[in-house]
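Source file: entry27.pdb; contents: PDB, C-alpha atoms and all ligand atoms.
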ATOM      1  CA  MET X 619     165.386  20.235  72.662
ATOM      2  CA  LEU X 620     165.016  22.951  70.030
ATOM      3  CA  VAL X 621     163.788  21.753  66.640
ATOM      4  CA  GLY X 622     162.502  23.370  63.470
ATOM      5  CA  THR X 623     163.216  24.098  59.839
ATOM      6  CA  PRO X 624     166.507  25.796  58.918
ATOM      7  CA  ASN X 625     166.914  29.514  59.569
ATOM      8  CA  VAL X 626     164.031  30.073  61.975
ATOM      9  CA  GLY X 627     166.166  31.213  64.935
ATOM     10  CA  LYS X 628     166.809  28.006  66.899
ATOM     11  CA  SER X 629     170.453  28.835  67.522
ATOM     12  CA  VAL X 630     169.705  32.425  68.537
ATOM     13  CA  ILE X 631     167.193  31.093  71.078
ATOM     14  CA  PHE X 632     169.687  28.433  72.173
ATOM     15  CA  ASN X 633     172.310  31.110  72.836
ATOM     16  CA  LEU X 634     169.857  33.181  74.852
ATOM     17  CA  LEU X 635     168.820  30.196  76.951
ATOM     18  CA  THR X 636     172.252  28.783  77.666
ATOM     19  CA  GLY X 637     175.359  30.127  79.318
ATOM     20  CA  SER X 638     178.942  29.884  78.237
ATOM     21  CA  TYR X 639     179.445  26.152  78.840
ATOM     22  CA  VAL X 640     178.441  24.929  75.469
ATOM     23  CA  THR X 641     179.751  21.862  73.715
ATOM     24  CA  VAL X 642     179.625  21.331  69.990
ATOM     25  CA  SER X 643     180.169  17.826  68.676
ATOM     26  CA  ASN X 644     179.549  15.880  65.547
ATOM     27  CA  TYR X 645     176.798  13.369  65.855
ATOM     28  CA  PRO X 646     178.590   9.973  65.875
ATOM     29  CA  GLY X 647     179.445   8.830  62.385
ATOM     30  CA  THR X 648     178.305  12.062  60.733
ATOM     31  CA  THR X 649     179.500  15.586  59.997
ATOM     32  CA  VAL X 650     176.312  16.980  61.523
ATOM     33  CA  GLU X 651     176.904  19.274  64.494
ATOM     34  CA  VAL X 652     174.848  19.094  67.649
ATOM     35  CA  THR X 653     175.254  21.801  70.289
ATOM     36  CA  ARG X 654     174.513  21.202  73.948
ATOM     37  CA  GLY X 655     174.423  23.640  76.804
ATOM     38  CA  THR X 656     172.752  24.233  80.121
ATOM     39  CA  ALA X 657     170.255  26.765  81.353
ATOM     40  CA  LYS X 658     169.809  27.597  85.007
ATOM     41  CA  TYR X 659     166.473  28.723  86.327
ATOM     42  CA  ASN X 660     165.363  28.865  89.985
ATOM     43  CA  GLN X 661     168.285  26.682  91.149
ATOM     44  CA  GLN X 662     167.376  24.051  88.572
ATOM     45  CA  ILE X 663     169.668  23.057  85.740
ATOM     46  CA  TYR X 664     168.212  22.185  82.370
ATOM     47  CA  GLU X 665     170.099  20.647  79.496
ATOM     48  CA  VAL X 666     169.357  22.426  76.222
ATOM     49  CA  ILE X 667     170.055  20.817  72.856
ATOM     50  CA  ASP X 668     170.151  22.737  69.573
ATOM     51  CA  THR X 669     169.441  20.540  66.564
ATOM     52  CA  PRO X 670     170.119  20.881  62.840
ATOM     53  CA  GLY X 671     167.210  22.187  60.767
ATOM     54  CA  MET X 672     164.631  19.663  59.579
ATOM     55  CA  TYR X 673     161.600  19.896  57.315
ATOM     56  CA  SER X 674     160.008  16.605  58.187
ATOM     57  CA  LEU X 675     160.195  13.801  60.711
ATOM     58  CA  LEU X 676     160.573  11.464  57.758
ATOM     59  CA  PRO X 677     164.243  12.098  57.119
ATOM     60  CA  ILE X 678     165.732  12.838  53.722
ATOM     61  CA  THR X 679     168.893  14.710  54.652
ATOM     62  CA  GLU X 680     171.576  13.616  57.090
ATOM     63  CA  GLU X 681     170.614  16.584  59.319
ATOM     64  CA  GLU X 682     167.031  15.358  59.454
ATOM     65  CA  ARG X 683     168.151  11.833  60.248
ATOM     66  CA  VAL X 684     170.266  13.129  63.137
ATOM     67  CA  THR X 685     167.464  15.276  64.569
ATOM     68  CA  ARG X 686     164.996  12.423  64.300
ATOM     69  CA  THR X 687     167.408  10.082  66.080
ATOM     70  CA  LEU X 688     168.038  12.671  68.796
ATOM     71  CA  LEU X 689     164.307  13.114  69.356
ATOM     72  CA  LEU X 690     163.853   9.374  69.742
ATOM     73  CA  GLN X 691     167.014   8.643  71.745
ATOM     74  CA  GLU X 692     167.222  11.585  74.095
ATOM     75  CA  LYS X 693     163.550  11.496  75.053
ATOM     76  CA  PRO X 694     163.494  15.239  75.773
ATOM     77  CA  ASP X 695     161.195  16.535  78.501
ATOM     78  CA  VAL X 696     160.171  19.329  76.162
ATOM     79  CA  VAL X 697     160.519  19.796  72.422
ATOM     80  CA  VAL X 698     160.409  23.480  71.497
ATOM     81  CA  HIS X 699     159.307  23.683  67.884
ATOM     82  CA  VAL X 700     160.615  27.012  66.617
ATOM     83  CA  VAL X 701     158.726  28.424  63.630
ATOM     84  CA  ASP X 702     158.919  31.557  61.524
ATOM     85  CA  ALA X 703     155.866  33.737  62.164
ATOM     86  CA  LYS X 704     155.986  34.960  58.557
ATOM     87  CA  ASN X 705     155.529  31.457  57.170
ATOM     88  CA  LEU X 706     153.403  29.910  59.845
ATOM     89  CA  GLU X 707     151.173  27.802  57.599
ATOM     90  CA  ARG X 708     154.189  26.179  55.967
ATOM     91  CA  MET X 709     155.647  25.282  59.343
ATOM     92  CA  LEU X 710     152.675  23.870  61.206
ATOM     93  CA  PRO X 711     152.665  20.487  59.410
ATOM     94  CA  LEU X 712     155.893  19.655  61.274
ATOM     95  CA  THR X 713     154.220  20.661  64.547
ATOM     96  CA  LEU X 714     151.489  18.140  63.785
ATOM     97  CA  GLN X 715     154.048  15.456  62.932
ATOM     98  CA  LEU X 716     155.825  16.045  66.232
ATOM     99  CA  LEU X 717     152.525  15.863  68.102
ATOM    100  CA  GLU X 718     151.493  12.705  66.251
ATOM    101  CA  ALA X 719     154.805  11.162  67.286
ATOM    102  CA  GLY X 720     153.697  11.729  70.872
ATOM    103  CA  LEU X 721     156.396  14.296  71.646
ATOM    104  CA  PRO X 722     155.880  16.958  74.334
ATOM    105  CA  VAL X 723     155.753  20.031  72.106
ATOM    106  CA  ILE X 724     155.754  23.743  72.865
ATOM    107  CA  LEU X 725     155.459  26.077  69.895
ATOM    108  CA  ALA X 726     157.735  29.125  69.739
ATOM    109  CA  VAL X 727     156.436  31.478  67.049
ATOM    110  CA  ASN X 728     159.632  33.389  66.357
ATOM    111  CA  MET X 729     160.373  36.411  64.159
ATOM    112  CA  MET X 730     157.276  38.132  65.493
ATOM    113  CA  ASP X 731     159.010  41.463  64.749
ATOM    114  CA  GLU X 732     159.145  40.639  61.041
ATOM    115  CA  ALA X 733     155.556  39.386  61.016
ATOM    116  CA  ASP X 734     154.528  42.685  62.656
ATOM    117  CA  ALA X 735     156.506  44.641  60.098
ATOM    118  CA  ILE X 736     154.553  43.090  57.222
ATOM    119  CA  GLY X 737     151.248  43.529  59.059
ATOM    120  CA  ARG X 738     150.776  39.863  59.732
ATOM    121  CA  GLN X 739     148.726  39.283  62.860
ATOM    122  CA  ILE X 740     148.820  35.976  64.654
ATOM    123  CA  ASP X 741     146.365  34.960  67.322
ATOM    124  CA  LEU X 742     148.661  32.974  69.592
ATOM    125  CA  ASP X 743     145.914  32.112  72.085
ATOM    126  CA  LYS X 744     143.722  30.707  69.338
ATOM    127  CA  LEU X 745     146.632  28.708  67.965
ATOM    128  CA  SER X 746     147.307  27.315  71.427
ATOM    129  CA  GLU X 747     143.663  26.388  71.804
ATOM    130  CA  ILE X 748     143.518  24.644  68.417
ATOM    131  CA  LEU X 749     146.778  22.747  68.837
ATOM    132  CA  GLY X 750     146.224  22.041  72.520
ATOM    133  CA  ILE X 751     149.801  23.000  73.400
ATOM    134  CA  PRO X 752     151.524  26.082  74.865
ATOM    135  CA  VAL X 753     152.345  28.724  72.238
ATOM    136  CA  VAL X 754     154.771  31.571  72.872
ATOM    137  CA  GLY X 755     155.538  34.495  70.560
ATOM    138  CA  THR X 756     159.221  35.472  70.340
ATOM    139  CA  ALA X 757     161.546  37.814  68.511
ATOM    140  CA  ALA X 758     164.788  36.162  69.506
ATOM    141  CA  ALA X 759     167.053  38.550  67.628
ATOM    142  CA  LEU X 760     165.607  41.327  69.792
ATOM    143  CA  ASN X 761     165.616  39.159  72.929
ATOM    144  CA  ARG X 762     161.832  39.387  73.108
ATOM    145  CA  GLY X 763     159.618  36.676  74.538
ATOM    146  CA  ILE X 764     162.504  34.586  75.847
ATOM    147  CA  GLU X 765     161.441  34.933  79.495
ATOM    148  CA  GLN X 766     157.941  33.789  78.554
ATOM    149  CA  LEU X 767     159.402  30.859  76.643
ATOM    150  CA  LYS X 768     161.515  29.851  79.652
ATOM    151  CA  ARG X 769     158.486  30.051  81.908
ATOM    152  CA  ALA X 770     156.363  28.014  79.493
ATOM    153  CA  VAL X 771     159.053  25.315  79.333
ATOM    154  CA  ILE X 772     159.453  25.156  83.106
ATOM    155  CA  GLU X 773     155.724  25.058  83.697
ATOM    156  CA  TYR X 774     155.388  22.282  81.145
ATOM    157  CA  VAL X 775     158.172  20.203  82.700
ATOM    158  CA  ARG X 776     156.707  20.748  86.161
ATOM    159  CA  LYS X 777     153.294  19.502  85.045
ATOM    160  CA  ARG X 778     154.720  16.492  83.222
ATOM    161  CA  VAL X 779     156.878  15.420  86.120
ATOM    162  CA  ALA X 780     154.096  15.951  88.666
TER     163      ALA X 780
HETATM  164  N1  LIG X 801     164.299  39.692  62.599
HETATM  165  C1  LIG X 801     164.564  38.595  63.283
HETATM  166  N2  LIG X 801     165.603  37.832  62.916
HETATM  167  C2  LIG X 801     165.849  36.720  63.621
HETATM  168  C3  LIG X 801     165.040  36.339  64.720
HETATM  169  N3  LIG X 801     165.533  35.186  65.233
HETATM  170  C4  LIG X 801     166.582  34.860  64.481
HETATM  171  N4  LIG X 801     166.795  35.774  63.510
HETATM  172  C5  LIG X 801     167.835  35.728  62.468
HETATM  173  O1  LIG X 801     167.590  34.616  61.631
HETATM  174  C6  LIG X 801     168.803  34.029  61.179
HETATM  175  C7  LIG X 801     168.815  32.548  61.449
HETATM  176  O2  LIG X 801     168.916  32.328  62.851
HETATM  177  P1  LIG X 801     169.538  30.974  63.416
HETATM  178  O3  LIG X 801     169.352  31.007  64.901
HETATM  179  O4  LIG X 801     170.903  30.750  62.916
HETATM  180  O5  LIG X 801     168.564  29.906  62.759
HETATM  181  P2  LIG X 801     168.540  28.314  62.968
HETATM  182  O6  LIG X 801     167.129  27.926  63.133
HETATM  183  O7  LIG X 801     169.487  27.923  64.059
HETATM  184  O8  LIG X 801     169.069  27.777  61.562
HETATM  185  P3  LIG X 801     169.749  26.349  61.218
HETATM  186  O9  LIG X 801     170.812  26.073  62.247
HETATM  187  O10 LIG X 801     170.285  26.521  59.838
HETATM  188  O11 LIG X 801     168.677  25.298  61.233
HETATM  189  C8  LIG X 801     169.913  34.817  61.853
HETATM  190  O12 LIG X 801     170.393  35.767  60.953
HETATM  191  C9  LIG X 801     169.223  35.467  63.031
HETATM  192  O13 LIG X 801     169.835  36.659  63.439
HETATM  193  C10 LIG X 801     163.935  37.185  65.087
HETATM  194  O14 LIG X 801     163.162  36.919  66.012
HETATM  195  N5  LIG X 801     163.748  38.284  64.323
HETATM  196 MG    MG X 802     171.172  26.660  64.055
END

Can you give me the file's structure in the form of structure tokens?
Amino acid sequence: MLVGTPNVGKSVIFNLLTGSYVTVSNYPGTTVEVTRGTAKYNQQIYEVIDTPGMYSLLPITEEERVTRTLLLQEKPDVVVHVVDAKNLERMLPLTLQLLEAGLPVILAVNMMDEADAIGRQIDLDKLSEILGIPVVGTAAALNRGIEQLKRAVIEYVRKRVA
């Protein structure tokens, strides 16, 4: 399941991960759209869910309520928290909330191209060490880092299931 604040690149990543069999539906009783698709990797099929943007696990908007409910109901094997590398410090509180909720989180630090362009350096290994979770740098709009993200997700699922 892909989660994160609005406009960080979740849907671009979703489109890169999934094929053409994508379903868009309104979450029951709401006008909030949830998109589901599948990704194939090494003969395995993974369901991928793109969620509406959220700022906090404590919901204020209908979108946030839907994403929170999805996180609790669907019990995803992996939650990919997508963040904007340019505004990392504003985004990490949600990572901590997700971790505190006991969710299996991988951090995708997206928009690395834009962070590079403004001279912002991010030590992904250090971040991974501090948070204790896998961290992958991506520039989804340029299709960069998506293979690494896939591998990180698969590795994570493999370890959790084992
Ligand atoms: N430069 C750059 N732009 C990106 C990158 N990833 C996404 N974008 C752009 O950022 C914008 C938002 O991307 P979306 O995938 O729609 O963002 P989202 O997280 O799904 O947004 P919501 O659905 O509103 O929560 C689009 O214009 C993308 O083309 C990236 O890595 N680098
Ligand atoms: Mg989106």

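As for CA of Thr713 in chain X and atom O6 of ligand LIG 801 (chain X), they are spaced 14.9 Å apart.
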
Checklist entry - Could you list, as a PyMOL selection string, all the residues within 8 Å of ligand MG 802 (chain X), counting all atoms listed in the file? => result chain X and resi 624-625+627-630+668-671

Checklist entry - Nearest to ligand LIG 801 (chain X): which of X:Thr656, X:Thr649, X:Asn728, X:Asn633 is it, counting only C-alpha atoms and all ligand atoms? => result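 Between X:Thr656, X:Thr649, X:Asn728, X:Asn633, the residue approaching ligand LIG 801 (chain X) most closely is X:Asn728.
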
Next on the checklist: Show me which residues are within 10 Å of ligand LIG 801 (chain X) counting only C-alpha atoms and all ligand atoms, and format the list as a PyMOL selection string.
Outcome noted: chain X and resi 620-633+651-652+668-673+681+700-703+727-733+735+755-763

Next on the checklist: One number please: CA of Gln739 in chain X to CA of Val698 in chain X, in Å, one decimal.
Outcome noted: 21.5 Å

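Among X:Asp734, X:Asp743, X:Glu718, X:Asp695, the residue with the shortest atom-to-atom distance to Lys777 in chain X, counting only C-alpha atoms, is X:Asp695.
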
Checklist entry - For Leu635 in chain X, which residue out of X:Lys658, X:Pro722, X:Leu689, X:Arg738 is the nearest one, using all atoms listed in the file? => result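 Once distances to Leu635 in chain X are computed over all atoms listed in the file, the minimum belongs to X:Lys658.
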
Item to check | Expected residue set, 10 Å radius at (156.8, 10.7, 64.0), all atoms listed in the file, as a list in words | outcome: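 Residues close enough to count: Ser674, Leu675, Leu676, Arg686, Leu689, Leu690, Leu712, Leu714, Gln715, Leu716, Leu717, Glu718, Ala719, Gly720 and Leu721 of chain X.
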
Checklist entry - Distance CA of Met619 in chain X-CA of Val696 in chain X, one decimal place? => result 6.3 Å

Carefully work through the PyMOL selection byres (((chain X and resi 648) around 12) and not hetatm) for this structure and note down the residues it includes, as a PDB file with C-alpha atoms, in the coordinates of the input.
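Output below, filename selection-v5.pdb:
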ATOM      1  CA  SER X 643     180.169  17.826  68.676  1.00  0.00           C
ATOM      2  CA  ASN X 644     179.549  15.880  65.547  1.00  0.00           C
ATOM      3  CA  TYR X 645     176.798  13.369  65.855  1.00  0.00           C
ATOM      4  CA  PRO X 646     178.590   9.973  65.875  1.00  0.00           C
ATOM      5  CA  GLY X 647     179.445   8.830  62.385  1.00  0.00           C
ATOM      6  CA  THR X 649     179.500  15.586  59.997  1.00  0.00           C
ATOM      7  CA  VAL X 650     176.312  16.980  61.523  1.00  0.00           C
ATOM      8  CA  GLU X 651     176.904  19.274  64.494  1.00  0.00           C
ATOM      9  CA  VAL X 652     174.848  19.094  67.649  1.00  0.00           C
ATOM     10  CA  THR X 679     168.893  14.710  54.652  1.00  0.00           C
ATOM     11  CA  GLU X 680     171.576  13.616  57.090  1.00  0.00           C
ATOM     12  CA  GLU X 681     170.614  16.584  59.319  1.00  0.00           C
ATOM     13  CA  GLU X 682     167.031  15.358  59.454  1.00  0.00           C
ATOM     14  CA  ARG X 683     168.151  11.833  60.248  1.00  0.00           C
ATOM     15  CA  VAL X 684     170.266  13.129  63.137  1.00  0.00           C
ATOM     16  CA  THR X 685     167.464  15.276  64.569  1.00  0.00           C
TER      17      THR X 685
END
